[in-house]
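Undergrad: Dropping a structure here in structure tokens format, bear with me for questions.
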Amino acid sequence: MSAIDDLPPLRDIIREHSLSARKSLGQNFLLDLNLTARIARAAGPLEDCTVIEVGPGPGGLTRALLAMGAKRVIAVERDERAIDALGYIVKRYPGRIEIVHGDAQHFDPRPLLDGGKAKIVANLPYNIATQLLVDWLSIEPWPPWYDTMVLMFQREVAERIVAHEDEEAYGRLAVLANWRAETKILFDISPAAFVPQPKVTSSVVRLIPRTAPEPCDRRMLEQVAAAAFGQRRKMLRQSLKSLSVDPARLAAAADIDATRRAETIPVAGFVAMARELADIRSTK
């Protein structure tokens with residue numbers, strides 16, 4: 001039995017269902033139930049909450065979420081072997097877990113939420129983690145259907161999410177993430193905690209959506225950030241030319257010098273430039 005419930009050890013479940021991790025699915029199973037409990041706790045009180053989990057695998061995090069009182073867990077899993085393996089959790093927590101067999105990138109949970117909010121808590125498959133986050137940060141209208149995300153990424157990706165201007169990891173992802181959410185790396189997890197062991201450290205990141213981000217068109221913000229960071233070693237007066245507008249006008253709208261480089265511009269500067277870009281294009 002484990003430290004958090006009366007269910008069998010995860011290694012036994014993996015062996016019984018021949019659930020070896022598949023690289024093609026970005027799978028690395030976290031078997032330490034103390035760590036899965038720590039991730040679950042990081043999402044805050046779970047009573048009366050619906051939790052969306054992506055890639056539950058053998059169910060270590062799923063078990064922690066349920067053991068800590070989650071009213072309901074909707075687990076989205078592509079791997080049919082894992083769906084069979086999760087049957088033992090369904091029996092242990094009847095009526096509190098719903099397993100969706102499908103691709104999380106094409107899954108819209110809103111029909112299952114009855115208008116209520118959810119939390120997203122997941123050890124994300126490495127190969128789709130960044131794209132899933134971008135999708136969740138790009139939801140329209142905003143604020144979204146979730147009130148908290150607690151997600152595991154490779155450490156390098158986590159640093160790119162939480163970075164601020166003048167930091168090496170600062171880029172397009174940080175601009176989008178910190179415009180729409182408060183971001184924080186909570187703790188790291190050693191490669192030794194996973195099966196198979198990844199080559200890099202993982203980090204758990206919490207993102208709390210801002211109810212009222214600085215107003216601007218998300219698509220314009222993404223275009224400005226893409227242009228600026230696409231040539232990040234060049235000054236804005238050069239890198240922003242790809243937008244087919246006067247870079248000096250965009251920079252002036254943000255009250256910044258067009259000789260600055262993208263990595264020195266705070267999120268608010270990108271927002272101001274995005275608003276100006278929208279104004280220019282609306283009058284054309």
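Ordered as shown in the structure tokens, chains take letters A, B, and onward, while each chain numbers its residues from 1 and ligands are numbered from 1 in the order shown.
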Please identify all polymer residues within 9 Å of stretch 234-246 of chain A, counting only C-alpha atoms, omitting same-chain residues fewer than 5 positions from it, and present them as a PDB file with C-alpha atoms, in the first residue's frame.
TA:
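So around22.pdb came out as:
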ATOM      1  CA  GLN A 223       2.722  39.062 -33.851  1.00  0.00           C
ATOM      2  CA  VAL A 224       4.742  41.819 -32.198  1.00  0.00           C
ATOM      3  CA  ALA A 227       8.721  39.735 -34.874  1.00  0.00           C
ATOM      4  CA  ALA A 228      10.790  41.164 -32.028  1.00  0.00           C
ATOM      5  CA  PHE A 229      12.149  37.856 -30.740  1.00  0.00           C
ATOM      6  CA  ALA A 251       8.131  51.925 -30.102  1.00  0.00           C
ATOM      7  CA  ASP A 257      13.549  53.664 -27.714  1.00  0.00           C
ATOM      8  CA  ALA A 258      13.529  51.817 -31.035  1.00  0.00           C
ATOM      9  CA  THR A 259      17.224  51.039 -30.569  1.00  0.00           C
ATOM     10  CA  ARG A 260      16.405  48.649 -27.717  1.00  0.00           C
ATOM     11  CA  ARG A 261      16.299  44.887 -28.174  1.00  0.00           C
ATOM     12  CA  ALA A 262      13.359  42.587 -27.517  1.00  0.00           C
ATOM     13  CA  LEU A 277      -0.367  47.797 -34.294  1.00  0.00           C
ATOM     14  CA  ILE A 280      -2.670  51.045 -37.520  1.00  0.00           C
ATOM     15  CA  ARG A 281      -4.203  48.002 -39.153  1.00  0.00           C
TER      16      ARG A 281
END
Undergrad: Which polymer residues have any atom within 12 Å of an atom of A:Asp108, counting only C-alpha atoms, with same-chain residues fewer than 5 positions away left out, as a list of chain:residue names?
TA: A:Ile52, A:Ile74, A:Val76, A:Val100, A:Gly102, A:Asp103, A:Leu113, A:Leu132, A:Asp135, A:Trp136, A:Ile139, A:Pro144, A:Trp145, A:Tyr146
Undergrad: Give one line per residue of stretch 88-169 of chain A that approaches stretch 192-214 of chain A to at most 10 Å, naming the two atoms of the closest pair and their distance in Å to one decimal, counting only C-alpha atoms; sort by chain then ascending residue number and deliver it as a Markdown table.
TA:
| residue | atom | partner | partner_atom | distance |
| --- | --- | --- | --- | --- |
| A:Lys119 | CA | A:Ile208 | CA | 9.8 |
| A:Ile120 | CA | A:Leu207 | CA | 9.7 |
| A:Val121 | CA | A:Arg206 | CA | 9.2 |
| A:Ala122 | CA | A:Val204 | CA | 9.3 |
| A:Asn123 | CA | A:Val204 | CA | 8.4 |
| A:Tyr126 | CA | A:Pro198 | CA | 9.9 |
| A:Leu133 | CA | A:Leu207 | CA | 9.9 |
| A:Leu137 | CA | A:Pro209 | CA | 8.5 |
| A:Trp142 | CA | A:Thr211 | CA | 7.6 |
| A:Pro143 | CA | A:Thr211 | CA | 5.5 |
| A:Pro144 | CA | A:Pro209 | CA | 7.6 |
| A:Trp145 | CA | A:Pro209 | CA | 9.9 |
| A:Tyr146 | CA | A:Pro209 | CA | 8.0 |
| A:Asp147 | CA | A:Pro209 | CA | 6.3 |
| A:Thr148 | CA | A:Ile208 | CA | 4.8 |
| A:Met149 | CA | A:Leu207 | CA | 5.1 |
| A:Val150 | CA | A:Arg206 | CA | 4.5 |
| A:Leu151 | CA | A:Val205 | CA | 5.3 |
| A:Met152 | CA | A:Val204 | CA | 4.4 |
| A:Phe153 | CA | A:Ser203 | CA | 5.5 |
| A:Gln154 | CA | A:Ser202 | CA | 4.4 |
| A:Arg155 | CA | A:Ser202 | CA | 4.8 |
| A:Glu156 | CA | A:Ser202 | CA | 8.3 |
| A:Val157 | CA | A:Ser203 | CA | 8.7 |
| A:Ala158 | CA | A:Ser203 | CA | 6.3 |
| A:Glu159 | CA | A:Ser203 | CA | 8.8 |
| A:Ile161 | CA | A:Val205 | CA | 8.5 |
| A:Val162 | CA | A:Val205 | CA | 8.4 |
Undergrad: For atom CA of A:Ala104 and atom CA of A:Val54, determine how far apart the two atoms are, in Å to one decimal place.
TA: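 Straight-line distance from atom CA of A:Ala104 to atom CA of A:Val54 works out to 6.6 Å.
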Undergrad: Looking at only C-alpha atoms, which of A:Ala118, A:Arg81, A:Glu276, A:Ile4 is the one that sits closest to A:Ala67?
TA: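 Comparing A:Ala118, A:Arg81, A:Glu276, A:Ile4 against A:Ala67, the winner is A:Ile4.
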Undergrad: Report, in Å with one decimal, the straight-line distance from atom CA of A:Arg219 to atom CA of A:Gln105.
TA: 19.4 Å
Undergrad: Return the single residue from A:Ile128, A:Ala40, A:Val73, A:Glu47 that is closest to A:Lys23, with distances computed using only C-alpha atoms.
TA: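 Between A:Ile128, A:Ala40, A:Val73, A:Glu47, the residue approaching A:Lys23 most closely is A:Ile128.
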Undergrad: Could you tell me how far atom CA of A:Ala75 sits from atom CA of A:Asp12, in Å to one decimal place?
TA: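 That distance, rounded to one decimal, is 20.6 Å.
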Undergrad: Using only C-alpha atoms for the distances, tell me which of A:Asn178, A:Pro56, A:Gly87, A:Tyr170 is nearest to A:Asn28.
TA: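 Ranking A:Asn178, A:Pro56, A:Gly87, A:Tyr170 by distance to A:Asn28, first place goes to A:Pro56.
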Undergrad: Would you mind listing what lies within 12 Å of A:Ala70 as a PyMOL selection string, with only C-alpha atoms counted and same-chain residues fewer than 6 positions away left out?
TA: chain A and resi 40-41+43-53+61-64+93+95-97+118-121
Undergrad: May I ask which of the residues A:Leu86, A:Leu124, A:Leu176, A:Ala253 is the closest one to A:Met273, counting only C-alpha atoms?
TA: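 Of A:Leu86, A:Leu124, A:Leu176, A:Ala253, the one nearest A:Met273, counting only C-alpha atoms, is A:Ala253.
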Undergrad: For A:Arg15, which of A:Pro247, A:Ala85, A:Pro266, A:Arg232 is the closest residue, counting only C-alpha atoms?
TA: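 Looking at the shortest contact to A:Arg15, the residue is A:Ala85.
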Undergrad: So which bits of stretch 47-269 of chain A end up alpha helix (DSSP H) when you DSSP the backbone, as a PyMOL selection string?
TA: chain A and resi 60-67+80-85+87-92+110-113+129-137+155-162+172-180+218-230+236-239+247-253+267-269
Undergrad: Restricting the calculation to only C-alpha atoms, which member of A:Pro141, A:Leu221, A:Glu263, A:Ile14 is positioned closest to A:Arg160?
TA: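 For A:Arg160, the nearest of the given residues is A:Glu263.
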